[in-house]
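Trainee: Handing you a structure now.
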Amino acid sequence: MSEQEIRVPDLGGADEVEVIELLVSAGDSVEAEDPILTVETDKASVELPSPGAGKIIKLTVKVGDKVKEGDVVGVIESSGGSDDSVEDSGDEPEAKTEEKPEKKPSSKSQDEPEQSKPAPKKKSGGSRNETVLVPPLDGMENVPVIEINVSEGDTVEADDALVTVESDKASMEIPSPYSGKVVKILVAEGDKLSEGDKLLELTVAEDGGEEDDEQDEAPVDSGQEAKPEPKTGEKAQQKEPTLQSQTSADEPPAPGAKVHAGPAVRKLARELGADMTRIKGSGPKSRILKDDVQAYVKNQLQQAQQGSAVATGSGIPGVKLPDFSQFGDIEKETMSRMMAVTAANMQRSWLNVPHVTQFEDADITDMEAFRKSQKAAGEKKGVKMTPLPFLLKACATALSELPQFNVSLDMERKEVVRKHYIHIGIAVDTPNGLMVPVIRDVDKKGLWELAAESAELAQKARDKKLKPAEMQGACFTITSLGGIGGTAFTPIVNAPEVAILGVSKAAMKPVWDGSEFQPRLLLPLSLSYDHRAVNGADAARFTSLLGQLLGDIRTLLL
Ligand code: COA
């Protein structure tokens, strides 16, 4: 074992560079060539590799320090192999480079001839098609495309990133040589590119800063192939691929957005299965650092463990959104908190609960006759009797007769939680979204009491006056769209409840009584249930029982 200094290797001509990220800490074990830290010049991000395998004793620099070739950045206790320090070896570890933007010259210089762009072909006012070719890739060949940063139809500015390629040493974004519109993308993610390969086709407006020639004004395909980066033979003279910075907004970049990160960080994200387009970079120019990846993964794990609202749900990839504005006018509005919470709850229930829906038509002809007969009494009491109290009462009876519906599942502990109370939630449509107040001890209440209480809770929901306690503790939910319409629907179980009754609009239908058709008022019921807790036979029993109870409401008294 011997200690050796870790020194800054040749930086390809760069003088002082800034340390932008420390990739290891004292005590970390590293392999030879593992990246130790990242420095950034105005042209490139460079990962300084470990000179050998061993344990990091200390790092002698911090983020923001400026270092140059030969500076000591740390000390490693090598675990064997070469005892040579970087300085002595004469075989310096190669710095891994992520190319950085070089400022586009404001005027042409002799050092940087305009070889990158084909000879201009059009007068202003017209347009031409250009095929963009892969520029020199710093000596690399067959470099895989890891991201395509534009879509067909996109408008790009000169130097906007078109695609990102990544070798085991560097990732770099290939910039557009022109402002224009992407007509056709000629590569796909995973394709391996080398200098000169065709990347995409651009329509370039002649007003876009190109010199005019003597051609006419009709759009033409110039047949020119444009390399964004002309190869001059000298790396320092190359107009290097431009690395684009991410949004500096607080939000992480949108799915599909381009990312700004070094090869080691990308590798870490790949290993951890983290989608880098969802990670907010905290480094310079929103660069994604190792810490950002780790914090993102930690946060995702915590959310999954707590069962909290994860936008994409259970590790399932999120839906990639196109740029809708390409299809027409749009406007964006932030979701209300209630909508966001409801959306997360729906998704969580939908993803966690294996749903089955059982359908039944209840004959409520007699029930409706009775309900209507109570109209005058209701007016006296100031309470409107709708079908809902009957449904509440019937469900309470069914829940007590089939108690397997009055449970919640604790899958972590492998327990079934049986409830000895019957509280039922009612879904209420409000201008602000869906709310579910809960009526307690439905089995102990009469129809008038249930009518009054459900009307009061529904009004409170619409007036945004419900207290949190009034929305908790339900064993089961009724969602009635009967006042609106529809013949059937499949409601989503309001987990951790295990069943929900959907009610659609009652309609008169001919029913065969054995000798003739009779006009009967049928109420469509849809019972969605959690198939882990309830089997199909029990679900059929539950809806049949509801049918019997609603078909002859005297049985509700038994
Ligand atoms: N079939 C036919 N008519 C029905 C019916 C049914 N299944 N259910 C109710 N009606 C009638 C009522 O009798 C009433 O008619 P009337 O005024 O002639 O007496 C009318 O429809 C309106 O009833 P409503 O005010 O909706 O009362 P309700 O007690 O039936 O329902 C709520 C109360 C709170 C459930 C209801 O207002 C509501 O918000 N429903 C929407 C729930 C929802 O959005 N669910 C979707 C969740 S994803």
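Numbering starts fresh at 1 for the residues of each chain in the structure tokens, the chains themselves are lettered A, B, ... in the order given, and ligands are numbered from 1 as they appear.
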9 Å from ligand 1 is the threshold here; counting only C-alpha atoms and all ligand atoms, which polymer residues fall inside it? Answer as a ChimeraX atom specification.
Mentor: /A:368,371-372,375,384-389,426-430,433-436,451,454-455,457-459,461-462,478-485,491-492,502-507,522-525
Trainee: May I have the residues within 7 Å of Pro35 (chain A) as a list in words, using only C-alpha atoms and disregarding those fewer than 3 positions away in the same chain?
Mentor: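 Non-adjacent residues within range: Leu23, Glu47, Leu48, Pro49, Ser50 and Ala264 of chain A.
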Trainee: Which residues come within 12 Å of Asp65 (chain A), counting only C-alpha atoms, excluding same-chain residues fewer than 6 positions away, as a list in words?
Mentor: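 These residues fall inside the cut-off: Glu16, Val17, Glu18, Val19, Ile20, Glu21, Leu22, Leu37, Thr38, Val39, Glu40, Leu59, Asp71, Val72 and Val73 of chain A.
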Trainee: Tell me which of A:Ala474, A:Ile288, A:Ala274, A:Leu550 sits closest to Ile316 (chain A), counting only C-alpha atoms.
Mentor: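 That would be A:Ala274, the residue with the smallest distance to Ile316 (chain A).
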Trainee: Pick out the closest residue to Met276 (chain A) from this set: A:Glu152, A:Glu173, A:Glu147, A:Asp329. Count only C-alpha atoms.
Mentor: A:Glu147
Trainee: Quick check for you: according to DSSP on this backbone, which residues of region 271-500 of chain A are classed as helix (DSSP H, G or I)? Reply as a ChimeraX atom specification.
Mentor: /A:271-272,276-278,284-286,290-306,324-326,337-352,365-373,375-381,387-401,403-405,442-444,447-462,468-471
Trainee: Quick one: distance from CA of Lys380 (chain A) to CA of Asp366 (chain A) in Å, one decimal?
Mentor: 22.6 Å
Trainee: With a distance cut-off of 8 Å and only C-alpha atoms, select the neighbouring residues of region 192-194 of chain A, excluding the residue or stretch itself and same-chain residues fewer than 6 positions from it, and output the selection as a PDB file with all heavy atoms, in the first residue's frame.
Mentor:
ATOM      1  N   VAL A 134     -23.021  14.732 -39.301  1.00  0.00           N
ATOM      2  CA  VAL A 134     -22.342  14.624 -38.000  1.00  0.00           C
ATOM      3  C   VAL A 134     -20.964  15.276 -38.119  1.00  0.00           C
ATOM      4  O   VAL A 134     -20.210  14.984 -39.052  1.00  0.00           O
ATOM      5  CB  VAL A 134     -22.194  13.144 -37.592  1.00  0.00           C
ATOM      6  CG1 VAL A 134     -21.382  13.019 -36.321  1.00  0.00           C
ATOM      7  CG2 VAL A 134     -23.568  12.509 -37.437  1.00  0.00           C
ATOM      8  N   PRO A 136     -17.009  16.321 -36.738  1.00  0.00           N
ATOM      9  CA  PRO A 136     -15.955  15.521 -36.115  1.00  0.00           C
ATOM     10  C   PRO A 136     -16.296  15.299 -34.644  1.00  0.00           C
ATOM     11  O   PRO A 136     -16.739  16.215 -33.967  1.00  0.00           O
ATOM     12  CB  PRO A 136     -14.707  16.401 -36.249  1.00  0.00           C
ATOM     13  CG  PRO A 136     -15.010  17.316 -37.364  1.00  0.00           C
ATOM     14  CD  PRO A 136     -16.483  17.542 -37.346  1.00  0.00           C
ATOM     15  N   LEU A 137     -16.106  14.090 -34.185  1.00  0.00           N
ATOM     16  CA  LEU A 137     -16.496  13.744 -32.814  1.00  0.00           C
ATOM     17  C   LEU A 137     -15.271  13.512 -31.949  1.00  0.00           C
ATOM     18  O   LEU A 137     -15.183  12.534 -31.212  1.00  0.00           O
ATOM     19  CB  LEU A 137     -17.411  12.504 -32.821  1.00  0.00           C
ATOM     20  CG  LEU A 137     -18.760  12.700 -33.517  1.00  0.00           C
ATOM     21  CD1 LEU A 137     -19.495  11.378 -33.639  1.00  0.00           C
ATOM     22  CD2 LEU A 137     -19.615  13.702 -32.763  1.00  0.00           C
ATOM     23  N   MET A 140     -13.712  10.193 -32.144  1.00  0.00           N
ATOM     24  CA  MET A 140     -14.526   9.000 -31.848  1.00  0.00           C
ATOM     25  C   MET A 140     -15.338   8.590 -33.075  1.00  0.00           C
ATOM     26  O   MET A 140     -15.693   9.419 -33.905  1.00  0.00           O
ATOM     27  CB  MET A 140     -15.472   9.293 -30.692  1.00  0.00           C
ATOM     28  CG  MET A 140     -14.753   9.571 -29.399  1.00  0.00           C
ATOM     29  SD  MET A 140     -15.908   9.864 -28.067  1.00  0.00           S
ATOM     30  CE  MET A 140     -16.572  11.431 -28.477  1.00  0.00           C
ATOM     31  N   GLU A 141     -15.623   7.299 -33.110  1.00  0.00           N
ATOM     32  CA  GLU A 141     -16.469   6.778 -34.188  1.00  0.00           C
ATOM     33  C   GLU A 141     -17.537   5.875 -33.597  1.00  0.00           C
ATOM     34  O   GLU A 141     -17.372   5.347 -32.497  1.00  0.00           O
ATOM     35  CB  GLU A 141     -15.618   5.956 -35.166  1.00  0.00           C
ATOM     36  CG  GLU A 141     -14.772   6.842 -36.050  1.00  0.00           C
ATOM     37  CD  GLU A 141     -14.104   6.054 -37.150  1.00  0.00           C
ATOM     38  OE1 GLU A 141     -14.067   4.819 -37.046  1.00  0.00           O
ATOM     39  OE2 GLU A 141     -13.631   6.691 -38.090  1.00  0.00           O
ATOM     40  N   ASN A 142     -18.562   5.657 -34.363  1.00  0.00           N
ATOM     41  CA  ASN A 142     -19.645   4.769 -33.919  1.00  0.00           C
ATOM     42  C   ASN A 142     -20.133   5.112 -32.519  1.00  0.00           C
ATOM     43  O   ASN A 142     -20.188   4.265 -31.628  1.00  0.00           O
ATOM     44  CB  ASN A 142     -19.207   3.309 -33.968  1.00  0.00           C
ATOM     45  CG  ASN A 142     -18.987   2.869 -35.382  1.00  0.00           C
ATOM     46  OD1 ASN A 142     -19.736   3.274 -36.267  1.00  0.00           O
ATOM     47  ND2 ASN A 142     -17.947   2.089 -35.606  1.00  0.00           N
ATOM     48  N   VAL A 143     -20.434   6.377 -32.330  1.00  0.00           N
ATOM     49  CA  VAL A 143     -20.875   6.846 -31.008  1.00  0.00           C
ATOM     50  C   VAL A 143     -22.396   6.773 -30.955  1.00  0.00           C
ATOM     51  O   VAL A 143     -23.074   7.319 -31.833  1.00  0.00           O
ATOM     52  CB  VAL A 143     -20.422   8.299 -30.774  1.00  0.00           C
ATOM     53  CG1 VAL A 143     -20.659   8.695 -29.325  1.00  0.00           C
ATOM     54  CG2 VAL A 143     -18.955   8.445 -31.116  1.00  0.00           C
ATOM     55  N   PRO A 144     -22.942   6.098 -29.941  1.00  0.00           N
ATOM     56  CA  PRO A 144     -24.400   5.936 -29.931  1.00  0.00           C
ATOM     57  C   PRO A 144     -25.144   7.245 -29.655  1.00  0.00           C
ATOM     58  O   PRO A 144     -24.698   8.057 -28.850  1.00  0.00           O
ATOM     59  CB  PRO A 144     -24.646   4.951 -28.782  1.00  0.00           C
ATOM     60  CG  PRO A 144     -23.323   4.476 -28.343  1.00  0.00           C
ATOM     61  CD  PRO A 144     -22.276   5.402 -28.848  1.00  0.00           C
ATOM     62  N   VAL A 145     -26.287   7.388 -30.313  1.00  0.00           N
ATOM     63  CA  VAL A 145     -27.196   8.504 -30.025  1.00  0.00           C
ATOM     64  C   VAL A 145     -27.942   8.146 -28.747  1.00  0.00           C
ATOM     65  O   VAL A 145     -28.569   7.095 -28.667  1.00  0.00           O
ATOM     66  CB  VAL A 145     -28.230   8.673 -31.170  1.00  0.00           C
ATOM     67  CG1 VAL A 145     -29.249   9.746 -30.833  1.00  0.00           C
ATOM     68  CG2 VAL A 145     -27.523   8.981 -32.472  1.00  0.00           C
TER      69      VAL A 145
END
Trainee: Set the distance at 12 Å and use only C-alpha atoms: which residues neighbour Thr555 (chain A) once local chain neighbours fewer than 6 positions away are removed? I'd like the list as a list in words.
Mentor: Met367, Phe390, Lys393, Ala394, Thr397, Ala398, Leu545, Leu546, Gly547, Gln548 and Leu549 of chain A
Trainee: Between A:Pro431, A:Pro403, A:Gly486, A:Pro510, single out the one closest to Lys419 (chain A), counting only C-alpha atoms.
Mentor: A:Pro403
Trainee: Would you work out the distance separating CA of Glu189 (chain A) from CA of Asn129 (chain A), expressed in Å to one decimal?
Mentor: 23.2 Å
